[in-house]
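Q: I have a structure here, written as structure tokens, and I will follow up with some questions on it.
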Amino acid sequence: MSTYDKSMALTGQPPAALSTGQKMATLLGMGGLAILLLASFNLNFQNKGLWLTISLSAISLGILWFAWDAYTNKQPGIKNDGVWFKSISNRGLWGWVAGIALTCFYIILYFYPEYLGLVSDGENKGVISLFDPLSIALSGNPASQWFVYGTLYTVAILAFGIKFLWKYRHNRYEKIRTVSVMFFQTAFAFLIPEFMARLNGDKLNLPYYDLKNMWPLNYYNFEGYRVKAFINSGNIGLAMLLFGIISVFVISPILTYKYGKRWYCSWVCGCGGLAETIGDPFRQLSSKKQSAWKIERWLVHTVVVFVTIMTTAVIYSYLGNDTSKYWLTKKTFLIGVAVVLTIVFSLVMIFKRKQLQKDAQYGAIGFFAVIIGLIGLHFLSGDGNIFLIKSGTLRKSYSFLIGSIFSGVVGTGFYPILGNRVWCRFGCPMAAILGFQQKLFSRFRITTNGGQCISCGNCSTYCEMGIDVRAYAQKGENIVRSSCVGCGICSAVCPRGVLKLENGPLEGRIDSNQVLLGNDVDLMELMNKK
Amino acid sequence: MEHIVIIGNGIAGVTAARHIRKLSNKKITIVSAESNYFFSRTALMYVYMGHMKFEHTQPYENWFWKKNRIDLLNAYVSKVNHKNKKLLLSDGTQINFDKLIIATGSKPNKFGWKGQDLEGVQGLYSKQDLELLETNAPNKKVCKRAVIVGGGLIGIELAEMLRSRDIPVTFLVREDSFWNGVLPSGESQLINEHIQEHHINLRLGVNLGEILADENGRAKAITIKETGEEIACNLVGLTAGVTPNIDFLKDSGIELGRGVKVNRLLETNIKNIYAIGDCAEQHEAIGHRRPIEAVWYTGRMMGETLAQTICGNPTEYKPGHWFNSAKFLDIEYQTYGWVFSERAKKEYEKHFHWRHTKEKVCITVAFNRETGRFLGINTFGIRMRHELFDRWLTEERNVDFVMEHLADANFDPEFYKAFEKEIISKYNGDFGKSIDIKKKSLKRIFSLS
């Protein structure tokens, strides 16, 4: 037998090894990052505009060069060779280095922006000041840590988006979807809010608003200061406020009914955009264990309850008691919330109960009881503090725990460890609400193609949401899961053409309708009897 | 409690076990010497290529077996004693059974080539073969060239695997075009071209002469039978088909042919002993099928069927319409119904073939030249809907009907380019017809009224 050392071979040889071109490309990209790093150590660059351009160009070109080198000499097709051999994508050394670096970045960004050079009253320093010229050009204002973050975020989605386009150049669904997230990030999340800030003046005082960002993802949208700003900004402001409400209650349900939650999660959303582009090399790291699924269901729905209570409390806190001033008072609002929740809950329990898992039923009943109980308690206690806790405390702890720690530090920082959709899967209340609808009232499903599944496991491995796709496909069942974001990768990596994302009739969508696995019909009927 | 023992934890044996559990409370034991847990054999290639880790090829989590009271035994069965209903294991212990299911699968063919048992010569079937490949061909430094012998599905998969590590590959194919005993010539030609696009040295119409050894008894080269040409290599992959893995059953009293002989109930000549999957051989072939079907799906179907029989509902193995699929490097292949190669074509069988002018996409439709009845379809680079073709085959549709409704059958991801118009226009030209393609209808696809 050969005495050959396996571990050495896997790091030093194709497909795990980097080509010379890729090494140089990495160096170029790292050079661009180094400029930002030097700036944050307060190295004073004379011509800020120039150095910012050099830095961002180096980062983008490095990414593009790397991707070009990786895919240019390959036939169009699936490009997963060596994914589990590379230490960056198999939770190896580089994976941990990247994870820790990202996590540190997020901690500084959220909690210690002064280390990035943020000066609240005075001129910016450090890396934030490097971004001043760009920020002033766009909005007329100096940069903030959020502007720096937004710019880097957009650059990442654009550059890694192009990498993804090359990687999946044989797949038009992936290409169109990726162009869509690149567009929504650049236009809606990055440019339009900056231009809106430019419009602000005496008459107009619009808050920062990424129009595609909906409650409860932007949990802060209906807070007092924002609503006031909207209302004080005339018709435009009012239109925006209305749009915010309509998108939650009208636009989103219609689109989710027609196309599933993918219309948002993997076509429009910024978190999804980042996950699908720079996060793509980490999609295989999501856990497919049944235990992870259980944690997911409890965690993500707890966040929904949390955000509902928190938002209700916050809105409640700034509403008045006097009906003569404004029709919406504390009391009417609370009753309204209770009525809406009761209607939704009753409809589901009456018509769709069978489609929920046992523990989901218990969970729904439990959560519902808690919310209604709290509202009831409030009326009984007759005290100013809703739900016994100060709304401000609720809001602060939500913003700290969910808004910063979960969605930022863990959600993105842990990409190389837990996969690229940690936040979307375990934490995002928006995903949970859309998913709830996708499971119960939507035409979307992943159709399994008869009996063609060979249980290979590519679909499950590459599902970023940790869905065990194969478990359904090998039984000939369609996949109708609330967490599915419709990225389409399971269908792409399937070597036998078994999976197709499609919108079809509700009839027979979930039930494995006379599953066709290849045996004669009599036997299939026998087997379908449960 | 009746004890069902299953030898082999592949798709056939595991499917049988799962369905027996669904239907009954019998004691179930699966014996395998290959792996502790069921894995998908077809996915082994992706482990070598780094798409997956071995654990990802296991369709059920490890707790599944205990929860479903399916006992797993890692052991090698060396003898079957049907008189005492005992299995003798290689470690000398014995286990009793009330009913025995033989599901031991296949092993790679070896045709008596000189040097076929040297080190560095191997097939690709089992988990152990994969581990051996990691030693024989871990990278292009250790394995400077590989020669693959046998142009079938496993051969091309092995070539793809080795190319993923940049190892130069010479691919010896006996036929004058890849897999043309099965595929019609146009399709076979398309794959020939695609193999070369992947920088695989494809040698058509040649046979292996012998495998030469170096001083340590390792393969160092092969010769080509026809020309005597010598090709230096460090790995010889033998992928010239598989044969049932039943050596341990010799002299057991169980009737053997090339495989374990079974009737339509999947019973062997011995009561309470059954065989399913790759290792089972039908006394008489079913329809156009072969008596031994070494295919994933048929293993699964036999497992489902036998579970019924064992649980008191005697059921014949009645596979529905033939279907299969594969992937040749980047090109997906699906087939529904029967499309034969020129060599095997029935005299009533007529073909319509269309190939895209630039892309590697083609289809072949077989139909009866007299009646026009649709017989089957092969597609390359287009996915098709299994359920629909199954329905059309059952309804004995005419080929014109199938062509007219081709858009319904398309299963490609959304937004993919559709080729139905070009296909129909060639069909109309070839046969002087004027069929209009019907727009895709969800109503028809999902049989809604």
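By convention here, the chains of the structure tokens are called A, B, ... in the order presented, each chain's residues are numbered starting at 1, and ligands are numbered starting at 1 in the order presented.
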Run DSSP on the backbone of this structure and report the residues of stretch 174-392 of chain B it assigns to helix (DSSP H, G or I), as an MDAnalysis selection string.
A: chainID B and resid 185:197 247:249 277:279 296:310 386:392
Q: Could you list, as a ChimeraX atom specification, every residue within 8 Å of stretch 406-409 of chain A, counting only C-alpha atoms and ignoring same-chain residues fewer than 5 positions away?
A: /A:102-103,106-107,401,414,423,427-428
Q: Any chance you could export the current selection's all heavy atoms as a PDB file, in the first residue's frame?
A:
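Done, and the output landed in selection.pdb:
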```pdb
ATOM      1  N   LEU A 102     -14.808  38.679  10.335  1.00  0.00           N
ATOM      2  CA  LEU A 102     -16.115  39.284  10.054  1.00  0.00           C
ATOM      3  C   LEU A 102     -16.851  39.629  11.336  1.00  0.00           C
ATOM      4  O   LEU A 102     -17.450  40.703  11.468  1.00  0.00           O
ATOM      5  CB  LEU A 102     -16.965  38.312   9.234  1.00  0.00           C
ATOM      6  CG  LEU A 102     -16.781  38.333   7.723  1.00  0.00           C
ATOM      7  CD1 LEU A 102     -17.504  37.168   7.072  1.00  0.00           C
ATOM      8  CD2 LEU A 102     -17.307  39.652   7.158  1.00  0.00           C
ATOM      9  N   THR A 103     -16.809  38.712  12.295  1.00  0.00           N
ATOM     10  CA  THR A 103     -17.491  38.940  13.565  1.00  0.00           C
ATOM     11  C   THR A 103     -16.936  40.178  14.255  1.00  0.00           C
ATOM     12  O   THR A 103     -17.696  41.024  14.740  1.00  0.00           O
ATOM     13  CB  THR A 103     -17.337  37.703  14.467  1.00  0.00           C
ATOM     14  OG1 THR A 103     -17.782  36.566  13.733  1.00  0.00           O
ATOM     15  CG2 THR A 103     -18.157  37.840  15.723  1.00  0.00           C
ATOM     16  N   TYR A 106     -18.185  43.317  12.643  1.00  0.00           N
ATOM     17  CA  TYR A 106     -19.567  43.662  12.997  1.00  0.00           C
ATOM     18  C   TYR A 106     -19.663  44.215  14.411  1.00  0.00           C
ATOM     19  O   TYR A 106     -20.457  45.125  14.681  1.00  0.00           O
ATOM     20  CB  TYR A 106     -20.492  42.454  12.815  1.00  0.00           C
ATOM     21  CG  TYR A 106     -20.963  42.347  11.391  1.00  0.00           C
ATOM     22  CD1 TYR A 106     -20.310  41.537  10.486  1.00  0.00           C
ATOM     23  CD2 TYR A 106     -22.046  43.102  10.951  1.00  0.00           C
ATOM     24  CE1 TYR A 106     -20.722  41.467   9.167  1.00  0.00           C
ATOM     25  CE2 TYR A 106     -22.470  43.038   9.641  1.00  0.00           C
ATOM     26  CZ  TYR A 106     -21.810  42.222   8.749  1.00  0.00           C
ATOM     27  OH  TYR A 106     -22.216  42.170   7.456  1.00  0.00           O
ATOM     28  N   ILE A 107     -18.870  43.672  15.329  1.00  0.00           N
ATOM     29  CA  ILE A 107     -18.912  44.181  16.700  1.00  0.00           C
ATOM     30  C   ILE A 107     -18.468  45.640  16.729  1.00  0.00           C
ATOM     31  O   ILE A 107     -19.107  46.495  17.342  1.00  0.00           O
ATOM     32  CB  ILE A 107     -18.055  43.290  17.621  1.00  0.00           C
ATOM     33  CG1 ILE A 107     -18.733  41.924  17.776  1.00  0.00           C
ATOM     34  CG2 ILE A 107     -17.869  43.951  18.986  1.00  0.00           C
ATOM     35  CD1 ILE A 107     -17.916  40.903  18.528  1.00  0.00           C
ATOM     36  N   LEU A 401     -30.512  42.734  20.611  1.00  0.00           N
ATOM     37  CA  LEU A 401     -30.434  41.275  20.468  1.00  0.00           C
ATOM     38  C   LEU A 401     -30.656  40.814  19.034  1.00  0.00           C
ATOM     39  O   LEU A 401     -29.916  40.002  18.496  1.00  0.00           O
ATOM     40  CB  LEU A 401     -31.470  40.602  21.361  1.00  0.00           C
ATOM     41  CG  LEU A 401     -31.165  40.598  22.852  1.00  0.00           C
ATOM     42  CD1 LEU A 401     -32.363  40.054  23.611  1.00  0.00           C
ATOM     43  CD2 LEU A 401     -29.931  39.749  23.123  1.00  0.00           C
ATOM     44  N   PHE A 414     -20.951  34.822  11.028  1.00  0.00           N
ATOM     45  CA  PHE A 414     -20.794  33.369  11.105  1.00  0.00           C
ATOM     46  C   PHE A 414     -21.019  32.651   9.775  1.00  0.00           C
ATOM     47  O   PHE A 414     -21.117  31.433   9.748  1.00  0.00           O
ATOM     48  CB  PHE A 414     -21.754  32.788  12.164  1.00  0.00           C
ATOM     49  CG  PHE A 414     -21.343  33.071  13.583  1.00  0.00           C
ATOM     50  CD1 PHE A 414     -20.405  34.042  13.879  1.00  0.00           C
ATOM     51  CD2 PHE A 414     -21.897  32.355  14.636  1.00  0.00           C
ATOM     52  CE1 PHE A 414     -20.032  34.319  15.189  1.00  0.00           C
ATOM     53  CE2 PHE A 414     -21.529  32.617  15.959  1.00  0.00           C
ATOM     54  CZ  PHE A 414     -20.600  33.609  16.235  1.00  0.00           C
ATOM     55  N   TRP A 423     -29.123  33.985   9.642  1.00  0.00           N
ATOM     56  CA  TRP A 423     -30.100  34.985  10.052  1.00  0.00           C
ATOM     57  C   TRP A 423     -31.455  34.697   9.421  1.00  0.00           C
ATOM     58  O   TRP A 423     -32.476  34.640  10.101  1.00  0.00           O
ATOM     59  CB  TRP A 423     -29.586  36.378   9.672  1.00  0.00           C
ATOM     60  CG  TRP A 423     -30.649  37.422   9.548  1.00  0.00           C
ATOM     61  CD1 TRP A 423     -31.036  38.061   8.415  1.00  0.00           C
ATOM     62  CD2 TRP A 423     -31.465  37.947  10.599  1.00  0.00           C
ATOM     63  NE1 TRP A 423     -32.040  38.947   8.681  1.00  0.00           N
ATOM     64  CE2 TRP A 423     -32.328  38.898  10.012  1.00  0.00           C
ATOM     65  CE3 TRP A 423     -31.563  37.707  11.965  1.00  0.00           C
ATOM     66  CZ2 TRP A 423     -33.274  39.603  10.744  1.00  0.00           C
ATOM     67  CZ3 TRP A 423     -32.503  38.413  12.704  1.00  0.00           C
ATOM     68  CH2 TRP A 423     -33.343  39.349  12.100  1.00  0.00           C
ATOM     69  N   GLY A 427     -33.526  33.637  12.408  1.00  0.00           N
ATOM     70  CA  GLY A 427     -33.853  34.884  13.072  1.00  0.00           C
ATOM     71  C   GLY A 427     -34.817  35.808  12.367  1.00  0.00           C
ATOM     72  O   GLY A 427     -35.522  36.577  13.024  1.00  0.00           O
ATOM     73  N   CYS A 428     -34.883  35.768  11.046  1.00  0.00           N
ATOM     74  CA  CYS A 428     -35.603  36.844  10.351  1.00  0.00           C
ATOM     75  C   CYS A 428     -37.118  36.705  10.513  1.00  0.00           C
ATOM     76  O   CYS A 428     -37.727  35.754  10.035  1.00  0.00           O
ATOM     77  CB  CYS A 428     -35.255  36.865   8.873  1.00  0.00           C
ATOM     78  SG  CYS A 428     -36.164  38.153   8.001  1.00  0.00           S
TER      79      CYS A 428
END
```
Q: Please check the contacts: residues of chain B at most 6 Å away from chain A, using only C-alpha atoms, listed as an MDAnalysis selection string.
A: chainID B and resid 40 43 49:51 57 165 301 318:320 325 327 330 383 386:387 413:416
Q: Ranking A:Leu38, A:Val227, A:Ala67, A:Ala137 by minimum distance to A:Ala159 and counting only C-alpha atoms, which one comes first?
A: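 That would be A:Ala67, the residue with the smallest distance to A:Ala159.
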Q: May I have the residues within 9 Å of B:Glu342 as a PyMOL selection string, using only C-alpha atoms and disregarding those fewer than 4 positions away in the same chain?
A: chain B and resi 180-185+346
Q: Write the selection just made, keeping N, CA and C atoms, as a PDB file, in the first residue's frame?
A:
```pdb
ATOM      1  N   ASN B 180     -22.722   3.454 -27.726  1.00  0.00           N
ATOM      2  CA  ASN B 180     -23.674   3.389 -28.835  1.00  0.00           C
ATOM      3  C   ASN B 180     -24.392   2.051 -28.915  1.00  0.00           C
ATOM      4  N   GLY B 181     -24.105   1.166 -27.955  1.00  0.00           N
ATOM      5  CA  GLY B 181     -24.956  -0.018 -27.836  1.00  0.00           C
ATOM      6  C   GLY B 181     -26.304   0.356 -27.233  1.00  0.00           C
ATOM      7  N   VAL B 182     -26.323   1.477 -26.534  1.00  0.00           N
ATOM      8  CA  VAL B 182     -27.543   1.924 -25.867  1.00  0.00           C
ATOM      9  C   VAL B 182     -28.112   3.174 -26.550  1.00  0.00           C
ATOM     10  N   LEU B 183     -27.208   4.122 -26.867  1.00  0.00           N
ATOM     11  CA  LEU B 183     -27.687   5.394 -27.408  1.00  0.00           C
ATOM     12  C   LEU B 183     -27.717   5.377 -28.936  1.00  0.00           C
ATOM     13  N   PRO B 184     -28.720   6.015 -29.522  1.00  0.00           N
ATOM     14  CA  PRO B 184     -28.699   6.235 -30.963  1.00  0.00           C
ATOM     15  C   PRO B 184     -27.476   7.069 -31.361  1.00  0.00           C
ATOM     16  N   SER B 185     -27.076   6.992 -32.631  1.00  0.00           N
ATOM     17  CA  SER B 185     -25.768   7.524 -33.032  1.00  0.00           C
ATOM     18  C   SER B 185     -25.632   9.028 -32.812  1.00  0.00           C
ATOM     19  N   LYS B 346     -35.709  -2.113 -32.953  1.00  0.00           N
ATOM     20  CA  LYS B 346     -36.692  -3.040 -33.521  1.00  0.00           C
ATOM     21  C   LYS B 346     -37.008  -2.568 -34.933  1.00  0.00           C
TER      22      LYS B 346
END
```
Q: Among stretch 287-507 of chain A, which residues does DSSP mark as strand (DSSP E or B) when it is run on the backbone? Keep the chain and numbering as in the structure and answer as a PyMOL selection string.
A: chain A and resi 320+329+444-448+479+499-503
Q: Any idea what's packed within 6 Å of stretch 61-78 of chain B, counting only C-alpha atoms, ignoring anything in its chain fewer than 5 positions away? Could you give it as a PyMOL selection string?
A: chain B and resi 28-33+36+88-90+248
Q: Using only C-alpha atoms, please write the residues we just selected to a file, as an mmCIF file, in the first residue's frame.
A:
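And here's again.cif as it stands now:
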```
data_model
loop_
_atom_site.group_PDB
_atom_site.id
_atom_site.type_symbol
_atom_site.label_atom_id
_atom_site.label_comp_id
_atom_site.auth_asym_id
_atom_site.auth_seq_id
_atom_site.Cartn_x
_atom_site.Cartn_y
_atom_site.Cartn_z
ATOM 1 C CA ILE B 28 -35.537 -6.599 10.879
ATOM 2 C CA THR B 29 -31.769 -6.963 10.616
ATOM 3 C CA ILE B 30 -29.634 -5.571 7.804
ATOM 4 C CA VAL B 31 -26.198 -7.117 7.423
ATOM 5 C CA SER B 32 -23.513 -5.282 5.476
ATOM 6 C CA ALA B 33 -19.742 -5.365 5.411
ATOM 7 C CA ASN B 36 -22.280 1.018 8.885
ATOM 8 C CA LEU B 88 -22.529 -17.976 8.800
ATOM 9 C CA LEU B 89 -20.540 -14.777 9.226
ATOM 10 C CA SER B 90 -16.865 -14.440 8.367
ATOM 11 C CA PHE B 248 -20.808 -16.483 -1.399
#
```
Q: Which residue is closest to A:Gln22? Choose from A:Gly62, A:Pro142, A:Gly49, A:Gly320 and count only C-alpha atoms.
A: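 Result for the nearest residue to A:Gln22: A:Gly62.
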Q: Taking only C-alpha atoms into account, produce a table as CSV in which each residue of stretch 38-154 of chain A with an atom at most 10 Å from an atom of stretch 179-196 of chain A appears once, together with its shortest atom pair and the distance in Å to one decimal, ordered by chain and rising number.
A:
```
residue,atom,partner,partner_atom,distance
A:Ser135,CA,A:Glu194,CA,8.1
A:Ile136,CA,A:Glu194,CA,9.5
A:Ala137,CA,A:Glu194,CA,9.6
A:Leu138,CA,A:Glu194,CA,6.0
A:Ser139,CA,A:Glu194,CA,4.8
A:Gly140,CA,A:Glu194,CA,8.5
A:Asn141,CA,A:Glu194,CA,9.1
A:Phe147,CA,A:Phe190,CA,8.7
A:Gly150,CA,A:Phe190,CA,6.5
A:Thr151,CA,A:Phe190,CA,7.3
A:Tyr153,CA,A:Gln185,CA,8.6
A:Thr154,CA,A:Thr186,CA,6.1
```
Q: With N, CA, C and O atoms retained, export the selected residues as a compact mmCIF listing (two decimals), in the first residue's frame.
A:
```
# COMPACT_ATOMS: atom_id res chain seq x y z
N SER A 135 -19.79 60.06 -0.05
CA SER A 135 -21.04 60.35 0.62
C SER A 135 -21.52 61.76 0.28
O SER A 135 -22.70 61.98 0.02
N ILE A 136 -20.59 62.68 0.28
CA ILE A 136 -20.97 64.07 -0.03
C ILE A 136 -21.48 64.17 -1.47
O ILE A 136 -22.46 64.84 -1.76
N ALA A 137 -20.79 63.43 -2.36
CA ALA A 137 -21.23 63.44 -3.75
C ALA A 137 -22.65 62.91 -3.89
O ALA A 137 -23.42 63.39 -4.72
N LEU A 138 -23.00 61.92 -3.10
CA LEU A 138 -24.32 61.30 -3.24
C LEU A 138 -25.40 62.07 -2.48
O LEU A 138 -26.41 62.45 -3.05
N SER A 139 -25.17 62.27 -1.19
CA SER A 139 -26.25 62.83 -0.37
C SER A 139 -25.98 64.25 0.07
O SER A 139 -26.87 64.91 0.59
N GLY A 140 -24.75 64.67 -0.09
CA GLY A 140 -24.41 66.00 0.38
C GLY A 140 -23.96 66.03 1.82
O GLY A 140 -23.55 67.06 2.34
N ASN A 141 -24.04 64.87 2.49
CA ASN A 141 -23.64 64.81 3.90
C ASN A 141 -22.35 64.02 4.06
O ASN A 141 -22.04 63.17 3.23
N PHE A 147 -22.86 54.45 6.20
CA PHE A 147 -22.56 54.69 4.80
C PHE A 147 -21.39 53.81 4.34
O PHE A 147 -21.40 53.24 3.26
N GLY A 150 -22.75 50.36 4.04
CA GLY A 150 -23.61 50.25 2.86
C GLY A 150 -22.82 50.18 1.58
O GLY A 150 -23.14 49.42 0.66
N THR A 151 -21.76 50.99 1.51
CA THR A 151 -20.94 50.98 0.29
C THR A 151 -20.25 49.63 0.13
O THR A 151 -20.29 49.02 -0.94
N TYR A 153 -21.07 46.83 1.41
CA TYR A 153 -22.12 45.83 1.21
C TYR A 153 -22.51 45.78 -0.27
O TYR A 153 -22.61 44.72 -0.88
N THR A 154 -22.69 46.97 -0.84
CA THR A 154 -23.08 47.04 -2.25
C THR A 154 -21.95 46.53 -3.16
O THR A 154 -22.20 45.77 -4.10
```
Q: Applying 6 Å and only C-alpha atoms, which residues near A:Ser391 remain after dropping the ones on its own chain fewer than 2 positions away? List them as a PyMOL selection string.
A: chain A and resi 313-314+393-394
Q: Which residues are close to B:Val262, i.e. within 9 Å by only C-alpha atoms, leaving aside same-chain residues fewer than 6 positions away? Reply as a PyMOL selection string.
A: chain B and resi 255-256+268-269+274-276+280-283
Q: Between stretch 100-131 of chain B and stretch 6-24 of chain B, at 10 Å or less, what are the per-residue closest atom pairs and their distances in Å? Count only C-alpha atoms, order by chain and rising residue number, and return it as a Markdown table.
A:
```
| residue | atom | partner | partner_atom | distance |
| --- | --- | --- | --- | --- |
| B:Leu100 | CA | B:Ile6 | CA | 5.9 |
| B:Ile101 | CA | B:Ile6 | CA | 4.6 |
| B:Ile102 | CA | B:Ile7 | CA | 5.2 |
| B:Ala103 | CA | B:Gly8 | CA | 5.0 |
| B:Thr104 | CA | B:Gly8 | CA | 4.7 |
| B:Gly105 | CA | B:Gly8 | CA | 7.3 |
```
Q: Just to be explicit: take each residue in the selection above, keep C-alpha atoms, and write the result as a PDB file, in the first residue's frame.
A:
```
ATOM      1  CA  LEU B 100     -33.891 -13.921   4.064  1.00  0.00           C
ATOM      2  CA  ILE B 101     -33.568 -11.155   1.497  1.00  0.00           C
ATOM      3  CA  ILE B 102     -30.475 -11.202  -0.672  1.00  0.00           C
ATOM      4  CA  ALA B 103     -29.672  -7.685  -1.850  1.00  0.00           C
ATOM      5  CA  THR B 104     -25.930  -7.823  -2.306  1.00  0.00           C
ATOM      6  CA  GLY B 105     -25.680  -5.734  -5.445  1.00  0.00           C
TER       7      GLY B 105
END
```
Q: If you count only C-alpha atoms, which residues fall within 9 Å of B:Lys99, apart from same-chain ones fewer than 6 positions away, as a PyMOL selection string?
A: chain B and resi 2-6+85+271-274+310
Q: Sorted by chain and rising residue number, list the residues of stretch 326-397 of chain B at most 12 Å from stretch 142-154 of chain B (counting only C-alpha atoms), each with its closest atom pair and distance in Å to one decimal, as a tab-separated table.
A:
```
residue	atom	partner	partner_atom	distance
B:Ala326	CA	B:Leu153	CA	7.6
B:Lys327	CA	B:Leu153	CA	8.4
B:Phe328	CA	B:Leu153	CA	7.8
B:Leu329	CA	B:Leu153	CA	10.4
B:Tyr333	CA	B:Leu153	CA	11.1
```
Q: Please produce a file of the residues just selected, as a short mmCIF file (atom, residue, chain, number, x, y, z; two decimals), in the first residue's frame, where the atoms kept are C-alpha atoms.
A:
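Output saved as result_14.cif:
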```
data_model
loop_
_atom_site.label_atom_id
_atom_site.label_comp_id
_atom_site.auth_asym_id
_atom_site.auth_seq_id
_atom_site.Cartn_x
_atom_site.Cartn_y
_atom_site.Cartn_z
CA ALA B 326 -27.65 9.95 -16.04
CA LYS B 327 -25.27 12.84 -16.31
CA PHE B 328 -22.41 12.82 -18.78
CA LEU B 329 -20.00 15.43 -17.39
CA TYR B 333 -29.66 12.68 -19.90
#
```
